[in-house]
There are 2 protein chains.
Amino acid sequence: MSLTLARRMGALRSSAIRDLLTVTARPDVLSLAGGLPDPELVPHERIRQEVDRVLGSPDALQYTETAGWFGLREVVAARETGQVAPDEVVITHGSQQALSLLAQVLLDPGASVVVEEPAYPGALQVFRAAESRVLTVPLDVDGMRTDRLEALLDSGERPVLVHTVSNFHNPRGATMTAARRAHLAGLAERFGFWVLEDDPYGELYYDGPPPEPVATHSDRVIRLSSASKILAPALRVGWLRGPREVCAAVELVKQGADLCGSSLIHQVATGLLTDGPWLDAHLTAIRAQYGARATALHSALVGEFGDAVEVTAAAGGMFGWVEFRDGTDTDALLRAAVERRVAFVPGSAFAVDGGHRHGARVCFTTNTAATLEVAVERLAEAHRTLVVTT
Amino acid sequence: MSLTLARRMGALRSSAIRDLLTVTARPDVLSLAGGLPDPELVPHERIRQEVDRVLGSPDALQYTETAGWFGLREVVAARETGQVAPDEVVITHGSQQALSLLAQVLLDPGASVVVEEPAYPGALQVFRAAESRVLTVPLDVDGMRTDRLEALLDSGERPVLVHTVSNFHNPRGATMTAARRAHLAGLAERFGFWVLEDDPYGELYYDGPPPEPVATHSDRVIRLSSASKILAPALRVGWLRGPREVCAAVELVKQGADLCGSSLIHQVATGLLTDGPWLDAHLTAIRAQYGARATALHSALVGEFGDAVEVTAAAGGMFGWVEFRDGTDTDALLRAAVERRVAFVPGSAFAVDGGHRHGARVCFTTNTAATLEVAVERLAEAHRTLVVTT
């Protein structure tokens with residue numbers, strides 16, 4: 001094992017969420033822990049049709065360009081806000097690869113990066129592996145506290161990049177307001193850092209679309225997104241949209257990382273994303289289903305826990321966030337909960353330097369409203385036991 | 001752009017082969033430059049059947065385990081020589097990703113690595129990106145000159161790893177003899193380095209199977225292979241087989257790199273690789289076709305160039321290697337050749353520190369025997385012009 005890897009091993013420890021998934025895979029456990037689409041709402045038949053269509057072409061199964069099948073870059077560019085050209089887009093193997101390649105392109109060891117706190121663990125893992133100096137800025141219900149970011153910058157910190165999940169934050173559920181987006185973009189221009197606007201959930205809105213992307217305010221923003229949440233995770237189709245020179249550098253690094261993506265899958269994704277009427281109907285359908293579940297989970301939590309918790313209303317995405325006001329330690333709650341056959345992800349899994357011991361991420365996408373109610377009942381039982389025993 | 005990337009930029013320059021592919025994509029150019037399977041010999045229909053079967057399962061399009069779909073790890077383990085357990089296998093996004101992840105796991109900046117000369121550019125790119133100190137050992141028709149490796153080790157060099165394409169070398173066409181495999185494995189044990197036995201072509205033999213893998217001689221060997229050459233590149237299914245602790249470290253690094261592969265594609269590959277009768281018939285068929293093309297190309301080269309060249313007989317894989325004995329500079333020959341609508345890859349593309357200016361890699365897989373003959377006629381015309389004008 002290399003010394004470098006040994007040094008990073010703490011940073012690279014297997015994510016708490018993924019370890020937990022092994023427990024929650026038990027069929028008797030109702031899981032609010034995942035971050036998965038409901039398999040029932042993944043368009044198996046439509047994907048089968050596209051595969052059939054694409055396999056009729058002789059180059060369906062050949063190598064493709066490192067930056068991705070050109071038609072897919074075109075449709076992704078067209079779906080982005082503003083005038084975006086295909087060479088301002090790189091298709092990646094899920095948006096996690098976009099994060100990882102961008103870290104290789106933008107970060108030297110020891111460089112400072114800013115993440116939101118609580119943080120998306122996949123980003124944290126990449127920045128720690130890049131041996132970055134990780135700084136944090138808190139989130140509230142209006143998204144990143146850009147005033148706190150400004151204070152950090154005013155104190156002399158000079159991050160190379162600031163990572164934000166601008167829409168329906170994982171894990172916090174919050175969406176950044178339009179004013180904060182403009183503020184963040186202004187800071188990026190003034191202080192010369194990159195904003196990585198990580199946006200896998202933006203299309204999964206249940207009340208109405210989120211504000212315009214941070215990227216509409218500045219060229220210092222690189223947007224990341226994915227087909228995993230709206231179409232299917234197994235497509236492993238993610239992308240980044242950014243300045244040409246960044247895309248060219250990412251393409252070069254991707255060549256060494258995995259040569260290229262799958263021409264078959266890229267063409268399938270192209271077919272789905274270019275079929276506007278089908279896609280609109282599909283998005284409308286999954287928004288309705290997930291939106292109803294988000295509401296059901298929220299009502300159940302408020303009904304069972306009342307004033308003991310503050311619940312972020314999930315207006316989109318996959319997650320609600322529960323903050324216990326009664327001092328409940330959510331690591332302890334998880335242990336009690338698993339005994340009662342329900343699981344969630346405790347806030348500590350998203351903490352950069354400890355903390356969030358009273359928070360919990362709850363996913364509403366993979367269970368029906370009725371099941372979510374049972375899950376919350378079990379969670380409340382676990383919570384009562386905990387209060388009694390402490 | 002990070003300083004690290006700027007420093008690596010020379011190393012990460014876009015591979016000469018891939019740049020060339022843009023020229024050779026012109027429909028009027030007969031290309032011996034690629035390294036692709038013939039789309040006509042890729043089993044489109046069988047893959048369609050497998051996709052249909054897999055899409056019937058509700059988890060066909062969900063996230064999967066970072067180390068790969070368990071069934072695929074099982075069948076890969078079973079197909080490896082010796083007793084291999086599924087947790088000694090990691091499925092990667094093409095074998096290029098296996099190389100890239102292994103470099104992250106095994107190499108500190110400045111670490112010494114040994115590559116064969118002429119070298120596989122994809123490996124060179126990874127090791128240069130890892131800021132390795134790249135040492136070379138020459139190849140001859142019997143594969144790596146392990147005596148030269150031993151001399152290097154005796155001189156005090158202590159590489160962390162030695163990379164070899166043991167079967168049907170890219171670009172050199174050579175296969176390492178059994179005696180040299182045992183010698184290499186012995187050196188690995190004595191000096192404590194890892195052997196990366198990069199073997200995408202081992203199943204594509206046209207006379208008879210190659211000798212037993214280097215891995216049969218030592219636990220210090222990590223084998224890499226791929227379904228790209230025998231099934232389809234667009235599956236992007238590669239793998240590595242190595243000690244458990246190496247696999248565990250690779251899995252951890254892969255989590256940050258791209259989270260996981262495609263459960264759909266992994267299940268499709270599992271279906272194809274476990275259907276023994278179909279796979280045997282498929283391999284027999286493509287061996288017959290590619291073998292006939294290898295022979296046709298060899299005969300045409302010998303017929304047109306006679307004593308001016310030495311041609312490595314390709315007993316497998318995708319490539320022949322032509323060494324010009326008449327002083328022909330193959331960079332110059334390529335320019336003349338492209339004017340005559342034929343392309344190949346000049347030896348310089350595989351040189352670590354310059355050299356191989358009289359060598360040429362010629363691929364025989366994507367053209368029929370008749371087309372290969374025309375391509376060699378055009379190449380001979382280009383060669384004559386060059387001799388006349390110099």
# chains A, B, ... in the order shown; residues from 1 in each chain; ligands from 1
>>> residues_around(residues="Glu65 of chain A", least_positions_apart="3", cutoff="8 Å", atoms="only C-alpha atoms", output="VMD selection string")
chain A and resid 68 to 70 260 to 261
>>> select_by_dssp(residues="segment 243-351 of chain B", states="helix (DSSP H, G or I)", output="PyMOL selection string")
chain B and resi 244-258+263-274+276-308+330-339+347-350
>>> residues_around(residues="segment 128-137 of chain A", least_positions_apart="3", cutoff="7 Å", atoms="only C-alpha atoms", output="list in words")
Arg8, Ala11, Leu12, Ala103, Pro109, Gly110, Ala111, Ser112, Val113, Val114, Val115, Glu116, Glu117, Leu124, Gln125, Met144, Arg145, Arg148 and Leu149 of chain A
>>> write_last_selection(atoms="N, CA and C atoms", output="compact mmCIF listing (two decimals), in the first residue's frame")
# COMPACT_ATOMS: atom_id res chain seq x y z
N ARG A 8 -4.21 8.78 3.52
CA ARG A 8 -5.58 9.16 3.22
C ARG A 8 -6.61 8.21 3.81
N ALA A 11 -9.41 9.46 5.71
CA ALA A 11 -10.30 10.22 4.83
C ALA A 11 -11.14 9.30 3.96
N LEU A 12 -10.53 8.23 3.52
CA LEU A 12 -11.20 7.35 2.57
C LEU A 12 -12.01 6.25 3.25
N ALA A 103 -11.78 17.51 -9.12
CA ALA A 103 -10.80 17.63 -8.03
C ALA A 103 -9.39 17.43 -8.57
N PRO A 109 -2.64 19.32 -3.65
CA PRO A 109 -2.69 18.92 -2.23
C PRO A 109 -2.55 20.14 -1.33
N GLY A 110 -3.36 20.18 -0.30
CA GLY A 110 -3.31 21.30 0.64
C GLY A 110 -4.17 22.50 0.25
N ALA A 111 -4.75 22.47 -0.96
CA ALA A 111 -5.61 23.57 -1.38
C ALA A 111 -6.85 23.63 -0.48
N SER A 112 -7.37 24.85 -0.27
CA SER A 112 -8.57 25.00 0.54
C SER A 112 -9.82 24.85 -0.32
N VAL A 113 -10.80 24.14 0.23
CA VAL A 113 -12.11 24.04 -0.41
C VAL A 113 -13.16 24.30 0.65
N VAL A 114 -14.30 24.80 0.21
CA VAL A 114 -15.41 25.05 1.14
C VAL A 114 -16.54 24.08 0.81
N VAL A 115 -17.07 23.42 1.84
CA VAL A 115 -18.27 22.60 1.67
C VAL A 115 -19.34 23.11 2.62
N GLU A 116 -20.58 22.79 2.29
CA GLU A 116 -21.68 23.12 3.17
C GLU A 116 -21.69 22.13 4.34
N GLU A 117 -22.17 22.62 5.48
CA GLU A 117 -22.20 21.78 6.69
C GLU A 117 -23.64 21.76 7.22
N LEU A 124 -17.22 15.24 0.20
CA LEU A 124 -16.22 15.24 1.26
C LEU A 124 -15.15 14.18 1.00
N GLN A 125 -15.60 13.01 0.56
CA GLN A 125 -14.67 11.91 0.29
C GLN A 125 -13.68 12.30 -0.81
N MET A 144 -27.14 27.72 1.59
CA MET A 144 -25.83 28.12 2.12
C MET A 144 -25.88 29.52 2.73
N ARG A 145 -25.30 29.65 3.91
CA ARG A 145 -25.20 30.97 4.57
C ARG A 145 -24.07 31.74 3.88
N ARG A 148 -21.86 33.96 5.87
CA ARG A 148 -20.77 33.29 6.60
C ARG A 148 -19.60 33.00 5.67
N LEU A 149 -19.92 32.67 4.41
CA LEU A 149 -18.84 32.47 3.43
C LEU A 149 -18.08 33.78 3.24
>>> atom_distance(atom1="atom CA of Ile286 of chain B", atom2="atom CA of Phe319 of chain B")
14.9 Å
>>> residues_around(residues="segment 358-368 of chain B", least_positions_apart="4", cutoff="9 Å", atoms="only C-alpha atoms", output="MDAnalysis selection string")
chainID B and resid 30:40 170:173 289:294 296:297 317:331 343:348 372:373
>>> write_last_selection(atoms="N, CA and C atoms", output="short mmCIF file (atom, residue, chain, number, x, y, z; two decimals), in the first residue's frame")
data_model
loop_
_atom_site.label_atom_id
_atom_site.label_comp_id
_atom_site.auth_asym_id
_atom_site.auth_seq_id
_atom_site.Cartn_x
_atom_site.Cartn_y
_atom_site.Cartn_z
N LEU B 30 -8.53 3.87 -45.24
CA LEU B 30 -8.51 2.50 -44.70
C LEU B 30 -7.63 2.53 -43.46
N SER B 31 -8.21 2.19 -42.34
CA SER B 31 -7.47 2.37 -41.09
C SER B 31 -6.94 1.06 -40.52
N LEU B 32 -5.61 1.04 -40.35
CA LEU B 32 -4.97 -0.02 -39.57
C LEU B 32 -4.57 0.56 -38.22
N ALA B 33 -5.13 1.74 -37.91
CA ALA B 33 -4.66 2.50 -36.75
C ALA B 33 -5.44 2.18 -35.47
N GLY B 34 -6.65 1.74 -35.61
CA GLY B 34 -7.50 1.54 -34.44
C GLY B 34 -7.06 0.37 -33.58
N GLY B 35 -7.83 0.14 -32.54
CA GLY B 35 -7.61 -1.03 -31.69
C GLY B 35 -8.99 -1.49 -31.25
N LEU B 36 -9.85 -1.63 -32.24
CA LEU B 36 -11.27 -1.86 -31.96
C LEU B 36 -11.68 -3.24 -32.44
N PRO B 37 -12.67 -3.83 -31.80
CA PRO B 37 -13.27 -5.03 -32.38
C PRO B 37 -14.07 -4.65 -33.63
N ASP B 38 -14.28 -5.60 -34.51
CA ASP B 38 -15.14 -5.39 -35.67
C ASP B 38 -16.59 -5.35 -35.18
N PRO B 39 -17.30 -4.24 -35.45
CA PRO B 39 -18.71 -4.17 -35.00
C PRO B 39 -19.54 -5.34 -35.50
N GLU B 40 -19.19 -5.88 -36.68
CA GLU B 40 -19.93 -7.02 -37.23
C GLU B 40 -19.77 -8.27 -36.36
N ASN B 170 0.21 -5.10 -26.92
CA ASN B 170 -0.14 -3.86 -27.60
C ASN B 170 0.95 -2.86 -27.29
N PRO B 171 1.79 -2.47 -28.25
CA PRO B 171 1.67 -2.63 -29.70
C PRO B 171 2.50 -3.76 -30.30
N ARG B 172 3.30 -4.47 -29.54
CA ARG B 172 4.39 -5.26 -30.11
C ARG B 172 3.98 -6.64 -30.63
N GLY B 173 2.72 -7.06 -30.31
CA GLY B 173 2.23 -8.35 -30.81
C GLY B 173 2.80 -9.57 -30.11
N GLN B 289 -12.26 -15.68 -37.41
CA GLN B 289 -12.30 -14.50 -38.27
C GLN B 289 -11.04 -13.64 -38.08
N TYR B 290 -10.74 -13.32 -36.84
CA TYR B 290 -9.58 -12.45 -36.59
C TYR B 290 -8.28 -13.17 -37.00
N GLY B 291 -8.23 -14.46 -36.74
CA GLY B 291 -7.02 -15.23 -37.10
C GLY B 291 -6.76 -15.18 -38.60
N ALA B 292 -7.83 -15.31 -39.40
CA ALA B 292 -7.68 -15.26 -40.86
C ALA B 292 -7.20 -13.87 -41.28
N ARG B 293 -7.70 -12.85 -40.61
CA ARG B 293 -7.28 -11.48 -40.95
C ARG B 293 -5.82 -11.24 -40.57
N ALA B 294 -5.43 -11.78 -39.41
CA ALA B 294 -4.03 -11.64 -38.98
C ALA B 294 -3.10 -12.26 -40.02
N ALA B 296 -3.79 -12.81 -43.21
CA ALA B 296 -3.87 -12.05 -44.45
C ALA B 296 -2.99 -10.81 -44.39
N LEU B 297 -3.03 -10.12 -43.27
CA LEU B 297 -2.23 -8.90 -43.12
C LEU B 297 -0.74 -9.24 -43.16
N GLY B 317 -4.67 -11.52 -30.34
CA GLY B 317 -4.86 -10.09 -30.11
C GLY B 317 -5.38 -9.35 -31.33
N MET B 318 -4.89 -8.13 -31.51
CA MET B 318 -5.43 -7.25 -32.55
C MET B 318 -4.37 -6.62 -33.43
N PHE B 319 -3.07 -6.82 -33.05
CA PHE B 319 -2.04 -6.00 -33.68
C PHE B 319 -0.88 -6.82 -34.23
N GLY B 320 -0.39 -6.36 -35.39
CA GLY B 320 0.92 -6.79 -35.86
C GLY B 320 1.87 -5.62 -35.65
N TRP B 321 3.16 -5.93 -35.63
CA TRP B 321 4.18 -4.90 -35.48
C TRP B 321 5.16 -5.03 -36.63
N VAL B 322 5.39 -3.92 -37.33
CA VAL B 322 6.28 -3.91 -38.49
C VAL B 322 7.52 -3.10 -38.12
N GLU B 323 8.69 -3.69 -38.29
CA GLU B 323 9.94 -2.97 -38.03
C GLU B 323 10.61 -2.77 -39.39
N PHE B 324 10.78 -1.52 -39.79
CA PHE B 324 11.41 -1.23 -41.08
C PHE B 324 12.93 -1.33 -40.94
N ARG B 325 13.52 -2.20 -41.78
CA ARG B 325 14.97 -2.39 -41.72
C ARG B 325 15.71 -1.48 -42.71
N ASP B 326 14.92 -0.73 -43.51
CA ASP B 326 15.52 0.11 -44.56
C ASP B 326 15.64 1.57 -44.12
N GLY B 327 15.50 1.82 -42.83
CA GLY B 327 15.67 3.18 -42.33
C GLY B 327 14.43 4.06 -42.44
N THR B 328 13.31 3.51 -42.88
CA THR B 328 12.09 4.30 -43.02
C THR B 328 11.68 4.91 -41.67
N ASP B 329 11.43 6.22 -41.67
CA ASP B 329 10.90 6.90 -40.50
C ASP B 329 9.37 6.79 -40.56
N THR B 330 8.79 6.11 -39.58
CA THR B 330 7.36 5.81 -39.69
C THR B 330 6.47 7.02 -39.41
N ASP B 331 6.98 8.04 -38.75
CA ASP B 331 6.22 9.30 -38.65
C ASP B 331 6.05 9.90 -40.05
N ALA B 343 -3.98 4.42 -42.95
CA ALA B 343 -3.39 4.91 -41.70
C ALA B 343 -2.96 3.74 -40.81
N PHE B 344 -1.97 4.01 -39.98
CA PHE B 344 -1.48 3.06 -38.98
C PHE B 344 -0.95 3.90 -37.83
N VAL B 345 -0.45 3.29 -36.77
CA VAL B 345 0.13 4.08 -35.68
C VAL B 345 1.64 3.94 -35.70
N PRO B 346 2.35 5.05 -35.83
CA PRO B 346 3.81 4.97 -35.86
C PRO B 346 4.38 4.61 -34.49
N GLY B 347 5.54 3.96 -34.50
CA GLY B 347 6.18 3.49 -33.27
C GLY B 347 6.40 4.58 -32.25
N SER B 348 6.61 5.80 -32.72
CA SER B 348 6.90 6.90 -31.78
C SER B 348 5.77 7.09 -30.77
N LEU B 372 -7.65 -5.50 -46.18
CA LEU B 372 -6.29 -5.41 -45.62
C LEU B 372 -5.26 -5.42 -46.75
N GLU B 373 -5.53 -6.23 -47.79
CA GLU B 373 -4.59 -6.28 -48.91
C GLU B 373 -4.51 -4.93 -49.63
#
>>> closest_residue(among="B:Leu99, B:Val214, B:Ala179, B:Ala369", to="Val250 of chain B", atoms="only C-alpha atoms")
B:Leu99
>>> select_by_dssp(residues="segment 296-388 of chain B", states="strand (DSSP E)", output="list in words")
Val309, Glu310, Val311, Thr312, Phe319, Gly320, Trp321, Val322, Glu323, Phe324, Val342, Ala343, Val345, Pro346, Gly359, Ala360, Arg361, Val362 and Cys363 of chain B
>>> residues_around(residues="Leu386 of chain B", least_positions_apart="3", cutoff="12 Å", atoms="only C-alpha atoms", output="ChimeraX atom specification")
/B:326-337,339-340,379-383,389-390
>>> write_last_selection(atoms="N, CA and C atoms", output="PDB file, in the first residue's frame")
ATOM      1  N   ASP B 326      14.915  -0.732 -43.514  1.00  0.00           N
ATOM      2  CA  ASP B 326      15.524   0.110 -44.557  1.00  0.00           C
ATOM      3  C   ASP B 326      15.637   1.572 -44.123  1.00  0.00           C
ATOM      4  N   GLY B 327      15.496   1.816 -42.828  1.00  0.00           N
ATOM      5  CA  GLY B 327      15.668   3.182 -42.334  1.00  0.00           C
ATOM      6  C   GLY B 327      14.435   4.063 -42.445  1.00  0.00           C
ATOM      7  N   THR B 328      13.315   3.514 -42.882  1.00  0.00           N
ATOM      8  CA  THR B 328      12.086   4.305 -43.015  1.00  0.00           C
ATOM      9  C   THR B 328      11.679   4.909 -41.672  1.00  0.00           C
ATOM     10  N   ASP B 329      11.431   6.222 -41.675  1.00  0.00           N
ATOM     11  CA  ASP B 329      10.897   6.900 -40.495  1.00  0.00           C
ATOM     12  C   ASP B 329       9.372   6.786 -40.562  1.00  0.00           C
ATOM     13  N   THR B 330       8.793   6.109 -39.578  1.00  0.00           N
ATOM     14  CA  THR B 330       7.356   5.810 -39.692  1.00  0.00           C
ATOM     15  C   THR B 330       6.469   7.019 -39.414  1.00  0.00           C
ATOM     16  N   ASP B 331       6.980   8.040 -38.747  1.00  0.00           N
ATOM     17  CA  ASP B 331       6.217   9.299 -38.651  1.00  0.00           C
ATOM     18  C   ASP B 331       6.049   9.900 -40.047  1.00  0.00           C
ATOM     19  N   ALA B 332       7.141   9.927 -40.805  1.00  0.00           N
ATOM     20  CA  ALA B 332       7.086  10.437 -42.180  1.00  0.00           C
ATOM     21  C   ALA B 332       6.203   9.533 -43.038  1.00  0.00           C
ATOM     22  N   LEU B 333       6.338   8.227 -42.827  1.00  0.00           N
ATOM     23  CA  LEU B 333       5.530   7.284 -43.604  1.00  0.00           C
ATOM     24  C   LEU B 333       4.036   7.514 -43.350  1.00  0.00           C
ATOM     25  N   LEU B 334       3.680   7.815 -42.105  1.00  0.00           N
ATOM     26  CA  LEU B 334       2.265   8.037 -41.804  1.00  0.00           C
ATOM     27  C   LEU B 334       1.724   9.228 -42.594  1.00  0.00           C
ATOM     28  N   ARG B 335       2.502  10.304 -42.646  1.00  0.00           N
ATOM     29  CA  ARG B 335       2.032  11.478 -43.400  1.00  0.00           C
ATOM     30  C   ARG B 335       1.810  11.114 -44.865  1.00  0.00           C
ATOM     31  N   ALA B 336       2.757  10.381 -45.454  1.00  0.00           N
ATOM     32  CA  ALA B 336       2.604   9.946 -46.858  1.00  0.00           C
ATOM     33  C   ALA B 336       1.433   8.975 -46.989  1.00  0.00           C
ATOM     34  N   ALA B 337       1.260   8.140 -45.986  1.00  0.00           N
ATOM     35  CA  ALA B 337       0.205   7.116 -46.041  1.00  0.00           C
ATOM     36  C   ALA B 337      -1.191   7.755 -46.001  1.00  0.00           C
ATOM     37  N   GLU B 339      -2.064  10.579 -47.073  1.00  0.00           N
ATOM     38  CA  GLU B 339      -2.344  11.124 -48.418  1.00  0.00           C
ATOM     39  C   GLU B 339      -2.845  10.036 -49.360  1.00  0.00           C
ATOM     40  N   ARG B 340      -2.366   8.809 -49.139  1.00  0.00           N
ATOM     41  CA  ARG B 340      -2.814   7.676 -49.969  1.00  0.00           C
ATOM     42  C   ARG B 340      -3.971   6.900 -49.314  1.00  0.00           C
ATOM     43  N   LEU B 379      -0.092   1.354 -48.577  1.00  0.00           N
ATOM     44  CA  LEU B 379       1.042   1.613 -47.686  1.00  0.00           C
ATOM     45  C   LEU B 379       2.356   1.459 -48.449  1.00  0.00           C
ATOM     46  N   ALA B 380       2.406   0.457 -49.313  1.00  0.00           N
ATOM     47  CA  ALA B 380       3.617   0.220 -50.112  1.00  0.00           C
ATOM     48  C   ALA B 380       3.842   1.374 -51.093  1.00  0.00           C
ATOM     49  N   GLU B 381       2.755   1.884 -51.661  1.00  0.00           N
ATOM     50  CA  GLU B 381       2.867   3.067 -52.541  1.00  0.00           C
ATOM     51  C   GLU B 381       3.447   4.246 -51.773  1.00  0.00           C
ATOM     52  N   ALA B 382       2.913   4.474 -50.609  1.00  0.00           N
ATOM     53  CA  ALA B 382       3.407   5.582 -49.768  1.00  0.00           C
ATOM     54  C   ALA B 382       4.884   5.383 -49.457  1.00  0.00           C
ATOM     55  N   HIS B 383       5.240   4.161 -49.184  1.00  0.00           N
ATOM     56  CA  HIS B 383       6.626   3.821 -48.849  1.00  0.00           C
ATOM     57  C   HIS B 383       7.551   4.091 -50.029  1.00  0.00           C
ATOM     58  N   THR B 389      11.676  10.191 -52.773  1.00  0.00           N
ATOM     59  CA  THR B 389      11.873  11.620 -52.472  1.00  0.00           C
ATOM     60  C   THR B 389      13.026  11.862 -51.492  1.00  0.00           C
ATOM     61  N   THR B 390      13.498  10.822 -50.803  1.00  0.00           N
ATOM     62  CA  THR B 390      14.592  11.071 -49.839  1.00  0.00           C
ATOM     63  C   THR B 390      15.936  10.622 -50.403  1.00  0.00           C
TER      64      THR B 390
END
>>> residues_around(residues="Thr146 of chain A", least_positions_apart="4", cutoff="10 Å", atoms="only C-alpha atoms", output="PyMOL selection string")
chain A and resi 137-139+150-152+176+179-185+187
>>> closest_residue(among="A:Gly256, A:Pro27, A:Gly143, A:Gly242", to="Val126 of chain B", atoms="only C-alpha atoms")
A:Gly256
>>> residues_around(residues="Asp59 of chain A", least_positions_apart="3", cutoff="12 Å", atoms="only C-alpha atoms", output="list of chain:residue names")
A:Val54, A:Leu55, A:Gly56, A:Gln62, A:Tyr63, A:Thr64, A:Trp69, A:Ser262, A:Ser263, A:Leu264, A:His266, A:Gln267, B:Leu36, B:Pro37, B:Asp38, B:Pro39, B:Glu40, B:Leu41, B:Val42, B:Pro43, B:His44, B:Ala232, B:Pro233, B:Ala234
>>> write_last_selection(atoms="C-alpha atoms", output="PDB file, in the first residue's frame")
ATOM      1  CA  VAL A  54     -29.864   1.815 -30.396  1.00  0.00           C
ATOM      2  CA  LEU A  55     -28.769  -1.811 -30.865  1.00  0.00           C
ATOM      3  CA  GLY A  56     -29.979  -1.567 -34.455  1.00  0.00           C
ATOM      4  CA  GLN A  62     -18.149   0.399 -29.982  1.00  0.00           C
ATOM      5  CA  TYR A  63     -15.823   2.730 -28.070  1.00  0.00           C
ATOM      6  CA  THR A  64     -16.992   6.344 -27.989  1.00  0.00           C
ATOM      7  CA  TRP A  69     -21.419  10.661 -27.248  1.00  0.00           C
ATOM      8  CA  SER A 262     -20.583   3.458 -22.951  1.00  0.00           C
ATOM      9  CA  SER A 263     -21.803   4.450 -26.413  1.00  0.00           C
ATOM     10  CA  LEU A 264     -24.840   2.202 -25.894  1.00  0.00           C
ATOM     11  CA  HIS A 266     -25.077   7.353 -23.912  1.00  0.00           C
ATOM     12  CA  GLN A 267     -27.310   6.795 -26.940  1.00  0.00           C
TER      13      GLN A 267
ATOM     14  CA  LEU B  36     -11.271  -1.865 -31.964  1.00  0.00           C
ATOM     15  CA  PRO B  37     -13.271  -5.033 -32.381  1.00  0.00           C
ATOM     16  CA  ASP B  38     -15.137  -5.387 -35.666  1.00  0.00           C
ATOM     17  CA  PRO B  39     -18.709  -4.166 -34.996  1.00  0.00           C
ATOM     18  CA  GLU B  40     -19.932  -7.024 -37.233  1.00  0.00           C
ATOM     19  CA  LEU B  41     -18.433  -9.517 -34.773  1.00  0.00           C
ATOM     20  CA  VAL B  42     -19.886  -7.885 -31.662  1.00  0.00           C
ATOM     21  CA  PRO B  43     -22.890  -9.951 -30.516  1.00  0.00           C
ATOM     22  CA  HIS B  44     -25.626  -7.317 -30.797  1.00  0.00           C
ATOM     23  CA  ALA B 232     -18.163  -5.336 -26.608  1.00  0.00           C
ATOM     24  CA  PRO B 233     -16.279  -2.159 -25.691  1.00  0.00           C
ATOM     25  CA  ALA B 234     -19.518  -0.348 -24.853  1.00  0.00           C
TER      26      ALA B 234
END
>>> closest_atom_pairs(of="segment 125-215 of chain A", to="segment 75-86 of chain A", cutoff="9 Å", atoms="only C-alpha atoms", output="JSON lines")
{"residue": "A:Glu212", "atom": "CA", "partner": "A:Thr81", "partner_atom": "CA", "distance": 7.9}
{"residue": "A:Pro213", "atom": "CA", "partner": "A:Thr81", "partner_atom": "CA", "distance": 7.6}
{"residue": "A:Ala215", "atom": "CA", "partner": "A:Thr81", "partner_atom": "CA", "distance": 8.3}
>>> write_last_selection(atoms="N, CA and C atoms", output="JSON list (two decimals), in the first residue's frame")
[["chain", "number", "residue", "atom", "x", "y", "z"],
["A", 212, "GLU", "N", -33.33, 30.17, -10.61],
["A", 212, "GLU", "CA", -32.34, 29.96, -11.68],
["A", 212, "GLU", "C", -31.01, 29.52, -11.08],
["A", 213, "PRO", "N", -30.27, 28.66, -11.81],
["A", 213, "PRO", "CA", -28.99, 28.16, -11.27],
["A", 213, "PRO", "C", -28.01, 29.27, -10.93],
["A", 215, "ALA", "N", -25.15, 29.27, -11.83],
["A", 215, "ALA", "CA", -24.38, 29.45, -13.06],
["A", 215, "ALA", "C", -24.91, 30.57, -13.95]]
>>> closest_residue(among="A:Gln96, A:Thr270, A:Thr371, A:Thr66", to="chain B", atoms="only C-alpha atoms")
A:Gln96
